[in-house]
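**Student:** My structure file upload_29.tsv, TSV, C-alpha atoms, is below:
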```tsv
chain	number	residue	atom	x	y	z
A	163	MET	CA	35.38	-8.45	28.98
A	164	ARG	CA	35.18	-9.66	25.35
A	165	VAL	CA	34.35	-13.17	26.53
A	166	CYS	CA	31.56	-11.81	28.74
A	167	ILE	CA	30.09	-9.76	25.87
A	168	SER	CA	30.35	-12.75	23.52
A	169	VAL	CA	28.55	-14.98	26.01
A	170	VAL	CA	25.78	-12.41	26.50
A	171	LEU	CA	25.34	-11.96	22.72
A	172	PHE	CA	25.27	-15.75	22.22
A	173	LEU	CA	22.62	-16.16	24.92
A	174	LEU	CA	20.48	-13.37	23.46
A	175	LEU	CA	20.73	-14.93	20.01
A	176	PHE	CA	20.06	-18.43	21.35
A	177	LEU	CA	17.01	-17.34	23.36
A	178	SER	CA	15.53	-15.42	20.43
A	179	ILE	CA	15.57	-18.41	18.08
A	180	LYS	CA	12.13	-19.94	17.64
A	181	PRO	CA	11.82	-23.71	17.71
A	182	ALA	CA	11.94	-25.23	14.24
A	183	LEU	CA	8.60	-25.88	12.65
A	184	ALA	CA	7.67	-28.75	10.42
A	185	VAL	CA	4.59	-30.82	9.80
A	186	TRP	CA	4.60	-33.07	12.82
A	187	PRO	CA	3.46	-36.58	11.77
A	188	GLU	CA	2.99	-37.52	15.43
A	189	LEU	CA	2.31	-35.13	18.27
A	190	ASP	CA	3.94	-35.68	21.64
A	191	LYS	CA	2.27	-34.48	24.85
A	192	ASP	CA	3.94	-31.06	24.68
A	193	GLN	CA	2.89	-30.55	21.06
A	194	ILE	CA	-0.69	-31.61	21.89
A	195	GLN	CA	-0.75	-29.01	24.68
A	196	GLU	CA	0.76	-26.41	22.33
A	197	ALA	CA	-2.01	-27.05	19.77
A	198	ILE	CA	-4.69	-26.78	22.45
A	199	ARG	CA	-3.18	-23.52	23.75
A	200	TYR	CA	-3.05	-22.16	20.19
A	201	GLY	CA	-6.75	-22.95	19.71
A	202	LYS	CA	-7.75	-21.35	23.00
A	203	ARG	CA	-5.57	-18.29	22.48
A	204	PHE	CA	-6.98	-17.50	19.05
A	205	LYS	CA	-10.56	-18.66	19.60
A	206	ASN	CA	-11.95	-15.39	18.21
A	207	TYR	CA	-10.05	-15.59	14.92
A	208	ASP	CA	-11.94	-16.46	11.74
A	209	ASN	CA	-10.69	-19.46	9.73
A	210	ASP	CA	-8.57	-17.37	7.34
A	211	ARG	CA	-6.67	-15.70	10.14
A	212	PHE	CA	-6.53	-18.81	12.34
A	213	LEU	CA	-5.13	-21.00	9.53
A	214	LYS	CA	-2.80	-18.42	7.94
A	215	GLU	CA	0.31	-20.53	8.67
A	216	TRP	CA	-1.15	-23.44	6.68
A	217	THR	CA	-2.82	-21.61	3.76
A	218	VAL	CA	-1.62	-20.62	0.28
A	219	PHE	CA	-3.67	-18.24	-1.90
A	220	LEU	CA	-3.91	-17.94	-5.66
A	221	GLU	CA	-4.52	-14.19	-5.76
A	222	ARG	CA	-5.60	-14.08	-9.40
A	223	ASP	CA	-8.61	-16.36	-8.90
A	224	GLY	CA	-9.30	-16.02	-5.19
A	225	ASP	CA	-8.68	-19.77	-4.86
A	226	LYS	CA	-6.96	-20.97	-1.71
A	227	VAL	CA	-5.58	-24.22	-0.42
A	228	GLY	CA	-4.93	-25.19	3.17
A	229	VAL	CA	-2.81	-27.99	4.54
A	230	TYR	CA	-4.51	-29.85	7.38
A	231	THR	CA	-2.21	-31.45	9.91
A	232	LYS	CA	-2.70	-33.06	13.29
A	233	PHE	CA	-1.59	-29.80	14.90
A	234	ASN	CA	-4.03	-27.45	13.20
A	235	LEU	CA	-6.96	-29.88	13.35
A	236	LEU	CA	-6.43	-30.25	17.09
A	237	ALA	CA	-6.03	-26.47	17.45
A	238	MET	CA	-9.32	-25.94	15.57
A	239	ALA	CA	-11.09	-28.47	17.81
A	240	ALA	CA	-9.69	-26.70	20.90
A	241	ARG	CA	-10.83	-23.35	19.47
A	242	ASP	CA	-14.35	-24.66	18.90
A	243	ALA	CA	-14.47	-26.14	22.42
A	244	ALA	CA	-13.21	-22.86	23.90
A	245	LYS	CA	-15.99	-21.00	22.08
A	246	GLU	CA	-18.41	-23.30	23.96
A	247	SER	CA	-16.53	-22.59	27.24
A	248	ARG	CA	-15.39	-26.18	27.65
A	249	GLU	CA	-12.25	-28.31	27.45
A	250	LEU	CA	-11.62	-31.03	24.88
A	251	HIS	CA	-12.29	-34.54	26.17
A	252	PRO	CA	-9.49	-37.13	25.72
A	253	GLU	CA	-11.64	-39.12	23.28
A	254	GLU	CA	-12.15	-35.97	21.18
A	255	ILE	CA	-8.39	-35.45	21.05
A	256	GLU	CA	-7.87	-39.06	19.94
A	257	ALA	CA	-10.57	-38.75	17.25
A	258	VAL	CA	-9.05	-35.56	15.84
A	259	LEU	CA	-5.54	-37.01	15.77
A	260	GLY	CA	-6.84	-40.12	14.00
A	261	GLU	CA	-8.44	-38.07	11.21
A	262	VAL	CA	-5.16	-37.49	9.39
A	263	GLU	CA	-3.15	-40.48	10.56
A	264	ASN	CA	-0.28	-40.92	8.08
A	265	LYS	CA	-1.90	-38.42	5.68
A	266	LEU	CA	-1.10	-34.99	4.38
A	267	ALA	CA	-4.51	-33.45	3.71
A	268	PHE	CA	-5.25	-30.46	1.48
A	269	LYS	CA	-8.56	-28.59	1.51
A	270	LEU	CA	-9.26	-26.42	-1.52
A	271	ILE	CA	-11.69	-23.55	-1.99
A	272	LEU	CA	-12.04	-22.96	-5.72
A	273	TYR	CA	-14.20	-20.61	-7.78
A	274	GLY	CA	-15.70	-21.28	-11.20
A	275	ASN	CA	-18.60	-20.43	-13.49
A	276	THR	CA	-20.72	-23.62	-13.31
A	277	PRO	CA	-21.81	-25.97	-10.52
A	278	GLU	CA	-19.84	-28.82	-12.18
A	279	PHE	CA	-16.56	-26.97	-12.76
A	280	ALA	CA	-14.66	-28.87	-10.03
A	281	ARG	CA	-16.18	-32.34	-10.46
A	282	ASN	CA	-13.44	-33.69	-12.73
A	283	LEU	CA	-10.44	-31.85	-11.32
A	284	HIS	CA	-7.51	-33.93	-10.17
A	285	ALA	CA	-4.54	-33.05	-7.97
A	286	VAL	CA	-1.12	-34.57	-7.59
A	287	LEU	CA	1.66	-33.73	-5.20
A	288	TYR	CA	5.03	-32.98	-6.74
A	289	TYR	CA	7.80	-33.98	-4.37
A	290	SER	CA	11.43	-34.98	-4.80
A	291	ASP	CA	11.32	-35.09	-8.61
A	292	GLY	CA	8.24	-37.30	-8.67
A	293	TYR	CA	4.45	-37.21	-8.50
A	294	ILE	CA	2.37	-38.71	-5.71
A	295	GLN	CA	-1.26	-39.61	-6.39
A	296	PRO	CA	-3.90	-38.92	-3.73
A	297	VAL	CA	-5.17	-41.81	-1.62
A	298	HIS	CA	-8.50	-39.97	-1.26
A	299	LYS	CA	-10.17	-37.15	-3.15
A	300	TYR	CA	-13.46	-35.34	-2.84
A	301	ASN	CA	-14.79	-33.07	-5.61
A	302	PRO	CA	-18.42	-32.11	-4.89
A	303	LEU	CA	-20.73	-29.93	-6.93
A	304	ALA	CA	-20.02	-26.24	-6.42
A	305	GLU	CA	-22.52	-24.00	-4.66
A	306	PRO	CA	-23.64	-20.53	-5.80
A	307	TYR	CA	-21.46	-17.83	-4.29
A	308	GLY	CA	-22.57	-14.24	-3.93
A	309	TRP	CA	-24.56	-12.26	-6.38
A	310	ARG	CA	-23.44	-9.40	-8.57
A	311	PRO	CA	-25.84	-7.58	-10.88
A	312	MET	CA	-25.02	-7.76	-14.58
A	313	SER	CA	-22.23	-10.30	-13.93
A	314	PRO	CA	-21.96	-14.00	-14.75
A	315	PRO	CA	-22.70	-16.38	-11.86
A	316	VAL	CA	-19.90	-17.52	-9.56
A	317	PHE	CA	-19.76	-20.92	-7.90
A	318	ARG	CA	-17.57	-22.08	-5.01
A	319	ALA	CA	-16.37	-25.67	-4.54
A	320	PHE	CA	-14.85	-27.20	-1.41
A	321	CYS	CA	-12.56	-30.03	-2.55
A	322	SER	CA	-10.11	-32.17	-0.62
A	323	TYR	CA	-7.16	-34.41	-1.43
A	324	GLU	CA	-5.17	-36.64	0.90
A	325	PHE	CA	-1.68	-37.98	0.26
A	326	PRO	CA	0.35	-40.61	2.14
A	327	LEU	CA	2.57	-38.76	4.61
A	328	ASP	CA	4.96	-41.68	4.99
A	329	GLU	CA	6.26	-40.93	1.47
A	330	ILE	CA	7.02	-37.28	2.28
A	331	ASP	CA	9.68	-35.65	4.43
A	332	PRO	CA	7.75	-33.39	6.86
A	333	ASN	CA	10.45	-30.70	6.35
A	334	ALA	CA	10.17	-30.79	2.56
A	335	GLU	CA	9.02	-28.36	-0.05
A	336	VAL	CA	6.12	-29.72	-2.11
A	337	SER	CA	3.85	-28.47	-4.85
A	338	LEU	CA	0.18	-29.29	-5.16
A	339	ILE	CA	-0.73	-29.34	-8.84
A	340	ILE	CA	-4.44	-29.00	-9.65
A	341	ILE	CA	-5.19	-30.42	-13.09
A	342	SER	CA	-8.25	-29.55	-15.15
A	343	PRO	CA	-9.48	-32.09	-17.73
A	344	GLN	CA	-10.18	-29.17	-20.07
A	345	GLY	CA	-6.47	-28.37	-19.99
A	346	GLY	CA	-4.43	-26.20	-17.72
A	347	GLU	CA	-2.88	-26.56	-14.33
A	348	LYS	CA	-2.61	-24.52	-11.16
A	349	GLU	CA	0.43	-25.08	-8.98
A	350	LEU	CA	0.68	-24.11	-5.32
A	351	PHE	CA	3.95	-24.26	-3.45
A	352	PHE	CA	4.11	-25.35	0.22
A	353	ASP	CA	7.16	-25.22	2.46
A	354	LEU	CA	6.22	-27.83	5.06
A	355	SER	CA	9.21	-26.86	7.20
A	356	LYS	CA	7.35	-23.63	8.08
A	357	MET	CA	4.15	-25.35	9.21
A	358	ARG	CA	3.26	-27.38	12.28
```
Before anything else, please render the file you have as structure tokens.
**Tutor:**
Amino acid sequence: MRVCISVVLFLLLFLSIKPALAVWPELDKDQIQEAIRYGKRFKNYDNDRFLKEWTVFLERDGDKVGVYTKFNLLAMAARDAAKESRELHPEEIEAVLGEVENKLAFKLILYGNTPEFARNLHAVLYYSDGYIQPVHKYNPLAEPYGWRPMSPPVFRAFCSYEFPLDEIDPNAEVSLIIISPQGGEKELFFDLSKMR
């Protein structure tokens, strides 16, 4: 009887375990289908809700940073196609997967008080007791954001940084450090083992 109960408990525990997540550098056919299903299933979610698994917020400033992987880019493409009541074409899937080939991409939404506030920012990735420089960065002028009477203006910048994925364990913990030339840093922690 004890053996039977032990076997049943083991099976219940085994079946309730979710598959391990991690940033998948390459997607196999099953993972591609999983990303497409994710996009279709959550086609009515806004970006914040859809990308929750891959986003870290700095509550104090309202700034947020998202990690863009092959999985979530493909899921977003599938979501957009589903909104148009169509399926992704194979060439669209290939194009999306090629966007972040061997890269770990970060998209930042930052708020400041001038259109130029983000132009000279820099970001590095802290990983395994060392710093990795981006292979690509994009810091455009910020756009006006909202309007509040009797308040200083607010501007929003959409920046991006890409780092070589072949130097990073996809199950690692990393920190993105945003550096301002005027002094000061913002650090955001990402546990890649909890993202796809």
**Student:** Counting all atoms listed in the file, which of A:Tyr200, A:Phe268, A:Phe279, A:Phe325 gets nearest to A:Glu305?
**Tutor:**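 Using all atoms listed in the file, the shortest distance to A:Glu305 belongs to A:Phe279.
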**Student:** At a cut-off of 10 Å, using all atoms listed in the file, what residues contact A:His298? Leave out same-chain residues fewer than 6 positions from it and give the result as a list in words.
**Tutor:**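 Residues meeting the cut-off are Lys265, Ala267, Ser322, Tyr323, Glu324, Phe325 and Pro326 of chain A.
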**Student:** Name all residues at most 9 Å from A:Phe320 (count only C-alpha atoms; drop same-chain ones fewer than 4 positions away) and give them as a PDB file with C-alpha atoms, in the coordinates of the input.
**Tutor:**
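Result went into selection-v6.pdb, see below:
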```pdb
ATOM      1  CA  LYS A 269      -8.560 -28.590   1.510  1.00  0.00           C
ATOM      2  CA  LEU A 270      -9.260 -26.420  -1.520  1.00  0.00           C
ATOM      3  CA  ILE A 271     -11.690 -23.550  -1.990  1.00  0.00           C
ATOM      4  CA  LEU A 272     -12.040 -22.960  -5.720  1.00  0.00           C
ATOM      5  CA  ALA A 280     -14.660 -28.870 -10.030  1.00  0.00           C
ATOM      6  CA  TYR A 300     -13.460 -35.340  -2.840  1.00  0.00           C
ATOM      7  CA  ASN A 301     -14.790 -33.070  -5.610  1.00  0.00           C
ATOM      8  CA  PRO A 302     -18.420 -32.110  -4.890  1.00  0.00           C
ATOM      9  CA  LEU A 303     -20.730 -29.930  -6.930  1.00  0.00           C
ATOM     10  CA  ALA A 304     -20.020 -26.240  -6.420  1.00  0.00           C
ATOM     11  CA  GLU A 305     -22.520 -24.000  -4.660  1.00  0.00           C
TER      12      GLU A 305
END
```
**Student:** Restricting the calculation to all atoms listed in the file: of A:Ala237, A:Leu213, A:Ala244, A:Ile339, which residue gets closest to A:His284?
**Tutor:**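 Closest to A:His284 of all the choices is A:Ile339.
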**Student:** Using all atoms listed in the file, find all polymer residues with an atom at most 8 Å away from the point (3.6, -31.3, -7.0); report them as number ranges by chain.
**Tutor:** A: 286-289, 292-294, 336-339, 349-351
**Student:** A:Glu196: which residues within 12 Å, counting only C-alpha atoms, same-chain residues fewer than 2 positions away excluded, as number ranges by chain?
**Tutor:** A: 189-194, 198-203, 232-234, 236-237, 240, 358
**Student:** Extract, using all atoms listed in the file, all DNA, RNA and protein residues at most 9 Å from A:Ala334, discarding same-chain residues fewer than 3 positions from it, and format them as a PyMOL selection string.
**Tutor:** chain A and resi 184+289-290+330-331+352-355
